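The file protein.pdb comes next; it holds PDB, C-alpha atoms.
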ATOM      1  CA  MET A   1      94.131 139.907 287.713  1.00  0.00           C
ATOM      2  CA  ALA A   2      96.865 139.473 285.111  1.00  0.00           C
ATOM      3  CA  ILE A   3      95.923 139.565 281.443  1.00  0.00           C
ATOM      4  CA  SER A   4      97.417 136.960 279.137  1.00  0.00           C
ATOM      5  CA  ARG A   5      99.494 138.059 276.166  1.00  0.00           C
ATOM      6  CA  GLU A   6      96.800 136.725 273.794  1.00  0.00           C
ATOM      7  CA  ARG A   7      94.106 138.789 275.526  1.00  0.00           C
ATOM      8  CA  LYS A   8      96.319 141.874 275.402  1.00  0.00           C
ATOM      9  CA  GLU A   9      96.804 141.386 271.640  1.00  0.00           C
ATOM     10  CA  GLU A  10      93.027 141.001 271.213  1.00  0.00           C
ATOM     11  CA  LEU A  11      92.420 144.217 273.138  1.00  0.00           C
ATOM     12  CA  VAL A  12      95.039 146.147 271.162  1.00  0.00           C
ATOM     13  CA  ALA A  13      93.605 144.841 267.881  1.00  0.00           C
ATOM     14  CA  GLY A  14      90.124 145.901 269.022  1.00  0.00           C
ATOM     15  CA  TYR A  15      91.363 149.380 269.928  1.00  0.00           C
ATOM     16  CA  VAL A  16      93.178 149.699 266.587  1.00  0.00           C
ATOM     17  CA  GLU A  17      89.966 148.722 264.783  1.00  0.00           C
ATOM     18  CA  LEU A  18      87.922 151.234 266.802  1.00  0.00           C
ATOM     19  CA  LEU A  19      90.507 153.946 266.122  1.00  0.00           C
ATOM     20  CA  GLY A  20      90.263 153.187 262.403  1.00  0.00           C
ATOM     21  CA  GLN A  21      86.464 153.442 262.440  1.00  0.00           C
ATOM     22  CA  SER A  22      86.201 156.496 264.679  1.00  0.00           C
ATOM     23  CA  LYS A  23      86.290 160.161 263.767  1.00  0.00           C
ATOM     24  CA  GLY A  24      88.003 160.883 267.049  1.00  0.00           C
ATOM     25  CA  VAL A  25      88.696 159.546 270.503  1.00  0.00           C
ATOM     26  CA  PHE A  26      88.252 161.200 273.893  1.00  0.00           C
ATOM     27  CA  LEU A  27      90.242 160.102 276.924  1.00  0.00           C
ATOM     28  CA  ALA A  28      88.917 160.394 280.460  1.00  0.00           C
ATOM     29  CA  GLU A  29      89.889 159.672 284.068  1.00  0.00           C
ATOM     30  CA  TYR A  30      87.229 157.557 285.749  1.00  0.00           C
ATOM     31  CA  SER A  31      88.577 156.520 289.177  1.00  0.00           C
ATOM     32  CA  GLY A  32      85.799 156.451 291.755  1.00  0.00           C
ATOM     33  CA  VAL A  33      82.947 156.152 289.241  1.00  0.00           C
ATOM     34  CA  SER A  34      80.509 153.389 290.164  1.00  0.00           C
ATOM     35  CA  VAL A  35      79.756 150.463 287.886  1.00  0.00           C
ATOM     36  CA  ALA A  36      76.143 151.605 287.541  1.00  0.00           C
ATOM     37  CA  GLN A  37      77.263 155.085 286.475  1.00  0.00           C
ATOM     38  CA  MET A  38      79.678 153.593 283.930  1.00  0.00           C
ATOM     39  CA  GLU A  39      76.919 151.400 282.504  1.00  0.00           C
ATOM     40  CA  ASN A  40      74.663 154.456 282.175  1.00  0.00           C
ATOM     41  CA  LEU A  41      77.463 156.312 280.411  1.00  0.00           C
ATOM     42  CA  ARG A  42      78.062 153.403 278.035  1.00  0.00           C
ATOM     43  CA  ALA A  43      74.353 153.364 277.158  1.00  0.00           C
ATOM     44  CA  GLU A  44      74.363 157.119 276.508  1.00  0.00           C
ATOM     45  CA  VAL A  45      77.483 156.783 274.343  1.00  0.00           C
ATOM     46  CA  ARG A  46      75.872 153.965 272.333  1.00  0.00           C
ATOM     47  CA  ASN A  47      72.838 156.233 271.774  1.00  0.00           C
ATOM     48  CA  VAL A  48      75.094 158.779 270.031  1.00  0.00           C
ATOM     49  CA  ASP A  49      76.763 156.071 267.917  1.00  0.00           C
ATOM     50  CA  GLY A  50      79.924 155.734 269.945  1.00  0.00           C
ATOM     51  CA  ALA A  51      81.840 153.187 271.973  1.00  0.00           C
ATOM     52  CA  PHE A  52      83.228 153.609 275.473  1.00  0.00           C
ATOM     53  CA  HIS A  53      85.897 151.307 276.883  1.00  0.00           C
ATOM     54  CA  VAL A  54      87.993 151.230 280.005  1.00  0.00           C
ATOM     55  CA  THR A  55      91.522 150.836 278.700  1.00  0.00           C
ATOM     56  CA  LYS A  56      94.891 149.951 280.052  1.00  0.00           C
ATOM     57  CA  ASN A  57      97.227 152.887 279.362  1.00  0.00           C
ATOM     58  CA  SER A  58     100.011 150.754 277.908  1.00  0.00           C
ATOM     59  CA  LEU A  59      97.609 148.896 275.596  1.00  0.00           C
ATOM     60  CA  MET A  60      95.980 152.119 274.412  1.00  0.00           C
ATOM     61  CA  ARG A  61      99.415 153.631 273.807  1.00  0.00           C
ATOM     62  CA  LEU A  62     100.337 150.568 271.730  1.00  0.00           C
ATOM     63  CA  ALA A  63      97.077 150.792 269.744  1.00  0.00           C
ATOM     64  CA  LEU A  64      97.666 154.478 269.013  1.00  0.00           C
ATOM     65  CA  GLU A  65     101.200 153.690 267.909  1.00  0.00           C
ATOM     66  CA  ARG A  66     100.048 150.871 265.612  1.00  0.00           C
ATOM     67  CA  SER A  67      97.341 153.052 264.065  1.00  0.00           C
ATOM     68  CA  GLY A  68      99.840 155.834 263.354  1.00  0.00           C
ATOM     69  CA  ARG A  69      98.292 158.353 265.719  1.00  0.00           C
ATOM     70  CA  PRO A  70     100.162 160.559 268.168  1.00  0.00           C
ATOM     71  CA  ILE A  71     100.412 159.365 271.744  1.00  0.00           C
ATOM     72  CA  PRO A  72      99.144 162.013 274.162  1.00  0.00           C
ATOM     73  CA  ASP A  73     101.003 162.634 277.408  1.00  0.00           C
ATOM     74  CA  VAL A  74      97.749 162.155 279.357  1.00  0.00           C
ATOM     75  CA  LEU A  75      98.117 158.389 278.860  1.00  0.00           C
ATOM     76  CA  SER A  76     101.031 158.296 281.280  1.00  0.00           C
ATOM     77  CA  ALA A  77      99.053 158.330 284.525  1.00  0.00           C
ATOM     78  CA  GLY A  78      95.730 157.461 286.081  1.00  0.00           C
ATOM     79  CA  GLN A  79      92.945 155.159 285.059  1.00  0.00           C
ATOM     80  CA  THR A  80      91.956 155.878 281.488  1.00  0.00           C
ATOM     81  CA  ALA A  81      88.770 155.233 279.583  1.00  0.00           C
ATOM     82  CA  ALA A  82      88.342 155.987 275.904  1.00  0.00           C
ATOM     83  CA  GLY A  83      85.254 157.201 274.077  1.00  0.00           C
ATOM     84  CA  PHE A  84      85.343 156.434 270.360  1.00  0.00           C
ATOM     85  CA  ALA A  85      83.213 158.624 268.070  1.00  0.00           C
ATOM     86  CA  LEU A  86      81.871 156.185 265.494  1.00  0.00           C
ATOM     87  CA  GLY A  87      79.189 158.722 264.552  1.00  0.00           C
ATOM     88  CA  GLU A  88      79.221 162.464 265.080  1.00  0.00           C
ATOM     89  CA  LEU A  89      82.130 163.832 267.088  1.00  0.00           C
ATOM     90  CA  PRO A  90      80.195 166.722 268.712  1.00  0.00           C
ATOM     91  CA  ALA A  91      77.453 164.361 269.904  1.00  0.00           C
ATOM     92  CA  LEU A  92      79.960 162.188 271.786  1.00  0.00           C
ATOM     93  CA  ALA A  93      81.710 165.278 273.142  1.00  0.00           C
ATOM     94  CA  LYS A  94      78.354 166.584 274.464  1.00  0.00           C
ATOM     95  CA  THR A  95      77.634 163.261 276.144  1.00  0.00           C
ATOM     96  CA  LEU A  96      81.030 163.037 277.835  1.00  0.00           C
ATOM     97  CA  VAL A  97      81.095 166.705 278.894  1.00  0.00           C
ATOM     98  CA  ALA A  98      77.587 166.387 280.358  1.00  0.00           C
ATOM     99  CA  PHE A  99      78.610 163.235 282.244  1.00  0.00           C
ATOM    100  CA  SER A 100      81.745 164.923 283.601  1.00  0.00           C
ATOM    101  CA  ASP A 101      79.553 167.800 284.828  1.00  0.00           C
ATOM    102  CA  GLU A 102      77.210 165.351 286.583  1.00  0.00           C
ATOM    103  CA  VAL A 103      79.767 162.939 288.047  1.00  0.00           C
ATOM    104  CA  GLU A 104      82.572 164.594 289.976  1.00  0.00           C
ATOM    105  CA  GLN A 105      84.901 161.563 289.812  1.00  0.00           C
ATOM    106  CA  PHE A 106      84.819 161.542 285.989  1.00  0.00           C
ATOM    107  CA  SER A 107      87.011 164.046 284.163  1.00  0.00           C
ATOM    108  CA  LEU A 108      88.141 164.429 280.594  1.00  0.00           C
ATOM    109  CA  LYS A 109      91.875 164.247 279.946  1.00  0.00           C
ATOM    110  CA  GLY A 110      91.934 165.202 276.285  1.00  0.00           C
ATOM    111  CA  GLY A 111      91.342 163.636 272.920  1.00  0.00           C
ATOM    112  CA  LEU A 112      92.470 163.060 269.379  1.00  0.00           C
ATOM    113  CA  MET A 113      90.829 164.231 266.176  1.00  0.00           C
ATOM    114  CA  ASP A 114      92.474 163.826 262.773  1.00  0.00           C
ATOM    115  CA  GLY A 115      95.818 163.158 264.426  1.00  0.00           C
ATOM    116  CA  THR A 116      95.651 166.352 266.477  1.00  0.00           C
ATOM    117  CA  PHE A 117      95.572 166.373 270.264  1.00  0.00           C
ATOM    118  CA  LEU A 118      92.528 168.132 271.752  1.00  0.00           C
ATOM    119  CA  THR A 119      92.624 169.809 275.141  1.00  0.00           C
ATOM    120  CA  VAL A 120      89.703 169.609 277.551  1.00  0.00           C
ATOM    121  CA  GLU A 121      88.737 173.172 276.594  1.00  0.00           C
ATOM    122  CA  GLN A 122      88.666 172.230 272.905  1.00  0.00           C
ATOM    123  CA  ILE A 123      86.472 169.215 273.680  1.00  0.00           C
ATOM    124  CA  GLU A 124      84.089 171.460 275.613  1.00  0.00           C
ATOM    125  CA  SER A 125      83.977 173.835 272.632  1.00  0.00           C
ATOM    126  CA  LEU A 126      83.308 170.897 270.334  1.00  0.00           C
ATOM    127  CA  ALA A 127      80.446 169.849 272.604  1.00  0.00           C
ATOM    128  CA  LYS A 128      78.794 173.237 272.055  1.00  0.00           C
ATOM    129  CA  LEU A 129      78.595 172.730 268.281  1.00  0.00           C
ATOM    130  CA  PRO A 130      75.183 171.798 266.887  1.00  0.00           C
ATOM    131  CA  SER A 131      74.623 168.245 265.732  1.00  0.00           C
ATOM    132  CA  LEU A 132      74.442 167.379 262.046  1.00  0.00           C
ATOM    133  CA  ASP A 133      70.632 167.186 262.217  1.00  0.00           C
ATOM    134  CA  GLU A 134      70.469 170.622 263.875  1.00  0.00           C
ATOM    135  CA  LEU A 135      72.745 172.055 261.167  1.00  0.00           C
ATOM    136  CA  ARG A 136      70.563 170.564 258.447  1.00  0.00           C
ATOM    137  CA  ALA A 137      67.463 172.097 260.045  1.00  0.00           C
ATOM    138  CA  GLN A 138      69.174 175.495 260.229  1.00  0.00           C
ATOM    139  CA  ILE A 139      70.216 175.298 256.575  1.00  0.00           C
ATOM    140  CA  ILE A 140      66.725 174.283 255.479  1.00  0.00           C
ATOM    141  CA  GLY A 141      65.350 177.191 257.511  1.00  0.00           C
ATOM    142  CA  LEU A 142      67.759 179.591 255.806  1.00  0.00           C
ATOM    143  CA  ILE A 143      66.831 178.257 252.373  1.00  0.00           C
ATOM    144  CA  ASN A 144      63.121 178.231 253.160  1.00  0.00           C
ATOM    145  CA  ALA A 145      62.967 181.760 254.663  1.00  0.00           C
ATOM    146  CA  PRO A 146      63.192 183.713 251.360  1.00  0.00           C
ATOM    147  CA  ALA A 147      60.530 181.502 249.780  1.00  0.00           C
ATOM    148  CA  GLN A 148      58.240 182.088 252.764  1.00  0.00           C
ATOM    149  CA  ASN A 149      58.838 185.839 252.524  1.00  0.00           C
ATOM    150  CA  VAL A 150      57.940 185.865 248.806  1.00  0.00           C
ATOM    151  CA  ALA A 151      54.824 183.794 249.457  1.00  0.00           C
ATOM    152  CA  ALA A 152      53.794 186.095 252.312  1.00  0.00           C
ATOM    153  CA  THR A 153      54.351 189.197 250.160  1.00  0.00           C
ATOM    154  CA  VAL A 154      52.279 187.802 247.288  1.00  0.00           C
ATOM    155  CA  ALA A 155      49.550 186.697 249.700  1.00  0.00           C
ATOM    156  CA  ASN A 156      49.470 190.161 251.288  1.00  0.00           C
ATOM    157  CA  GLY A 157      49.189 191.776 247.849  1.00  0.00           C
ATOM    158  CA  VAL A 158      46.311 189.483 246.894  1.00  0.00           C
ATOM    159  CA  ARG A 159      44.653 190.087 250.270  1.00  0.00           C
ATOM    160  CA  GLN A 160      44.884 193.885 249.808  1.00  0.00           C
ATOM    161  CA  LEU A 161      43.464 193.636 246.275  1.00  0.00           C
ATOM    162  CA  MET A 162      40.587 191.522 247.580  1.00  0.00           C
ATOM    163  CA  ASN A 163      39.919 194.083 250.330  1.00  0.00           C
ATOM    164  CA  VAL A 164      39.836 196.940 247.782  1.00  0.00           C
ATOM    165  CA  LEU A 165      37.511 194.985 245.450  1.00  0.00           C
ATOM    166  CA  ASN A 166      35.287 194.069 248.407  1.00  0.00           C
ATOM    167  CA  ALA A 167      35.156 197.748 249.457  1.00  0.00           C
ATOM    168  CA  TYR A 168      34.113 198.788 245.914  1.00  0.00           C
ATOM    169  CA  ALA A 169      31.495 196.050 245.780  1.00  0.00           C
ATOM    170  CA  THR A 170      30.094 197.101 249.156  1.00  0.00           C
ATOM    171  CA  GLN A 171      30.100 200.737 248.049  1.00  0.00           C
ATOM    172  CA  GLU A 172      28.270 199.832 244.802  1.00  0.00           C
ATOM    173  CA  GLU A 173      25.672 197.811 246.745  1.00  0.00           C
ATOM    174  CA  GLU A 174      25.059 200.691 249.150  1.00  0.00           C
ATOM    175  CA  ALA A 175      24.721 203.129 246.226  1.00  0.00           C
ATOM    176  CA  ALA A 176      22.258 200.783 244.454  1.00  0.00           C
ATOM    177  CA  GLU A 177      20.173 200.418 247.607  1.00  0.00           C
ATOM    178  CA  ALA A 178      20.109 204.171 248.194  1.00  0.00           C
ATOM    179  CA  ALA A 179      18.841 204.797 244.647  1.00  0.00           C
TER     180      ALA A 179
END

Show the structure stored in the file as structure tokens.
Amino acid sequence: MAISRERKEELVAGYVELLGQSKGVFLAEYSGVSVAQMENLRAEVRNVDGAFHVTKNSLMRLALERSGRPIPDVLSAGQTAAGFALGELPALAKTLVAFSDEVEQFSLKGGLMDGTFLTVEQIESLAKLPSLDELRAQIIGLINAPAQNVAATVANGVRQLMNVLNAYATQEEEAAEAA
């Protein structure tokens, strides 16, 4: 089905807008993936604050050009879909890498982050990074650990003092009873 020029301009404008809002974009080959699988992927991508669109290579190339981003060579062949990271980049990378591991017909081609082309290996490395919430929890744990150690040390000191005082009191009671 042919796309009208107006529709093509709408699509390019939409891609340019998504590129402007996103922290990065991941490109994937999706030939042979069922509609149901694609819908599941779109839902998972939405859950990590992203957008996933099947794109026409020439329109995506035009959108990248208009937004001042480099045009990767991977856009020259195959059916391409683009995942836009509107939220955290590692979260979208994790979702797409996990999907490519589950669905054999889906494979990552590469991506763009801050105007730099990312290889599939770099995307997989990005997917291994902790999320922002996990990083915050780790930092809070690091900050909280010394305070917990001080509190535990003081509590142990107080507990030992109480044990010594209790031992003296017990000893005094036994001496008073013996007399």

Name the residues captured by the PyMOL selection byres ((chain A and resi 33) around 12) when it is applied to the shown file; answer as a list in words.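 Applying the expression gives Ala28, Glu29, Tyr30, Ser31, Gly32, Ser34, Val35, Ala36, Gln37, Met38, Glu39, Asn40, Leu41, Val54, Gln79, Thr80, Ala81, Phe99, Ser100, Glu102, Val103, Glu104, Gln105, Phe106 and Ser107 of chain A.
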
With all atoms listed in the file as the counted atoms, please give the residues lying no more than 6 Å from region 16-27 of chain A, apart from itself and same-chain residues fewer than 4 positions off, as a list in words.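 So the residues in contact are Ala63, Ser67, Ala81, Ala82, Gly83, Phe84, Ala85, Leu86, Lys109, Gly110, Gly111, Leu112 and Met113 of chain A.
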
May I ask which of the residues A:Ser58, A:Thr95, A:Ser76, A:Thr119 is the closest one to Val45 (chain A), counting all atoms listed in the file?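 For Val45 (chain A), the nearest of the given residues is A:Thr95.
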
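In this structure, CA of Tyr15 (chain A) sits 14.3 Å away from CA of Pro70 (chain A).
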
Go ahead and fit an axis-aligned box to every listed atom of region 138-144 of chain A plus 5 Å each side, and pass me the centre and edge lengths in Å, one decimal, as JSON.
{"center_x": 66.7, "center_y": 176.9, "center_z": 256.3, "size_x": 17.1, "size_y": 15.3, "size_z": 17.9}

What is the distance between CA of Asp73 (chain A) and CA of Ala43 (chain A), in Å to one decimal?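 Here the two named atoms are 28.2 Å from each other.
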
Within 9 Å of region 127-137 of chain A, counting all atoms listed in the file, which residues qualify if same-chain residues fewer than 3 places away don't, as a ChimeraX atom specification? /A:88-98,122-124,140-142

How many Å lie between CA of Leu59 (chain A) and CA of Leu11 (chain A), rounded to one decimal? 7.4 Å

Pick from A:Val150, A:Met60, A:Val74, A:Ile139: nearest to Ala13 (chain A), with only C-alpha atoms counted? A:Met60

Region 52-79 of chain A rebuilt with N, CA and C atoms, output as a compact mmCIF listing (two decimals), keeping the file's coordinate frame:
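Now in rebuild.txt:
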# COMPACT_ATOMS: atom_id res chain seq x y z
N PHE A 52 82.50 153.14 274.30
CA PHE A 52 83.23 153.61 275.47
C PHE A 52 83.85 152.40 276.16
N HIS A 53 85.18 152.44 276.30
CA HIS A 53 85.90 151.31 276.88
C HIS A 53 86.88 151.78 277.94
N VAL A 54 86.93 151.03 279.02
CA VAL A 54 87.99 151.23 280.00
C VAL A 54 89.23 150.58 279.41
N THR A 55 90.32 151.33 279.37
CA THR A 55 91.52 150.84 278.70
C THR A 55 92.69 150.80 279.66
N LYS A 56 93.63 149.97 279.35
CA LYS A 56 94.89 149.95 280.05
C LYS A 56 95.80 150.92 279.29
N ASN A 57 96.44 151.83 280.01
CA ASN A 57 97.23 152.89 279.36
C ASN A 57 98.25 152.33 278.38
N SER A 58 98.96 151.30 278.78
CA SER A 58 100.01 150.75 277.91
C SER A 58 99.41 150.14 276.65
N LEU A 59 98.25 149.51 276.77
CA LEU A 59 97.61 148.90 275.60
C LEU A 59 97.05 149.97 274.66
N MET A 60 96.50 151.03 275.24
CA MET A 60 95.98 152.12 274.41
C MET A 60 97.13 152.83 273.71
N ARG A 61 98.23 153.01 274.40
CA ARG A 61 99.42 153.63 273.81
C ARG A 61 99.89 152.79 272.62
N LEU A 62 99.91 151.48 272.79
CA LEU A 62 100.34 150.57 271.73
C LEU A 62 99.37 150.63 270.54
N ALA A 63 98.08 150.70 270.82
CA ALA A 63 97.08 150.79 269.74
C ALA A 63 97.22 152.10 268.98
N LEU A 64 97.46 153.19 269.68
CA LEU A 64 97.67 154.48 269.01
C LEU A 64 98.91 154.44 268.14
N GLU A 65 99.94 153.82 268.66
CA GLU A 65 101.20 153.69 267.91
C GLU A 65 100.99 152.88 266.64
N ARG A 66 100.29 151.74 266.77
CA ARG A 66 100.05 150.87 265.61
C ARG A 66 99.15 151.53 264.57
N SER A 67 98.25 152.41 265.01
CA SER A 67 97.34 153.05 264.06
C SER A 67 97.93 154.35 263.50
N GLY A 68 99.16 154.67 263.90
CA GLY A 68 99.84 155.83 263.35
C GLY A 68 99.36 157.16 263.91
N ARG A 69 98.77 157.13 265.08
CA ARG A 69 98.29 158.35 265.72
C ARG A 69 99.28 158.80 266.80
N PRO A 70 99.27 160.08 267.11
CA PRO A 70 100.16 160.56 268.17
C PRO A 70 99.72 160.02 269.53
N ILE A 71 100.69 159.89 270.40
CA ILE A 71 100.41 159.36 271.74
C ILE A 71 100.40 160.54 272.72
N PRO A 72 99.23 160.87 273.25
CA PRO A 72 99.14 162.01 274.16
C PRO A 72 99.82 161.72 275.50
N ASP A 73 100.34 162.77 276.11
CA ASP A 73 101.00 162.63 277.41
C ASP A 73 100.03 162.22 278.51
N VAL A 74 98.74 162.47 278.32
CA VAL A 74 97.75 162.16 279.36
C VAL A 74 97.60 160.65 279.58
N LEU A 75 98.18 159.85 278.69
CA LEU A 75 98.12 158.39 278.86
C LEU A 75 99.16 157.87 279.85
N SER A 76 99.94 158.75 280.41
CA SER A 76 101.03 158.30 281.28
C SER A 76 100.59 158.01 282.71
N ALA A 77 99.45 158.53 283.13
CA ALA A 77 99.05 158.33 284.52
C ALA A 77 97.55 158.20 284.66
N GLY A 78 97.15 157.58 285.75
CA GLY A 78 95.73 157.46 286.08
C GLY A 78 95.02 156.36 285.32
N GLN A 79 93.78 156.15 285.73
CA GLN A 79 92.94 155.16 285.06
C GLN A 79 92.28 155.84 283.87
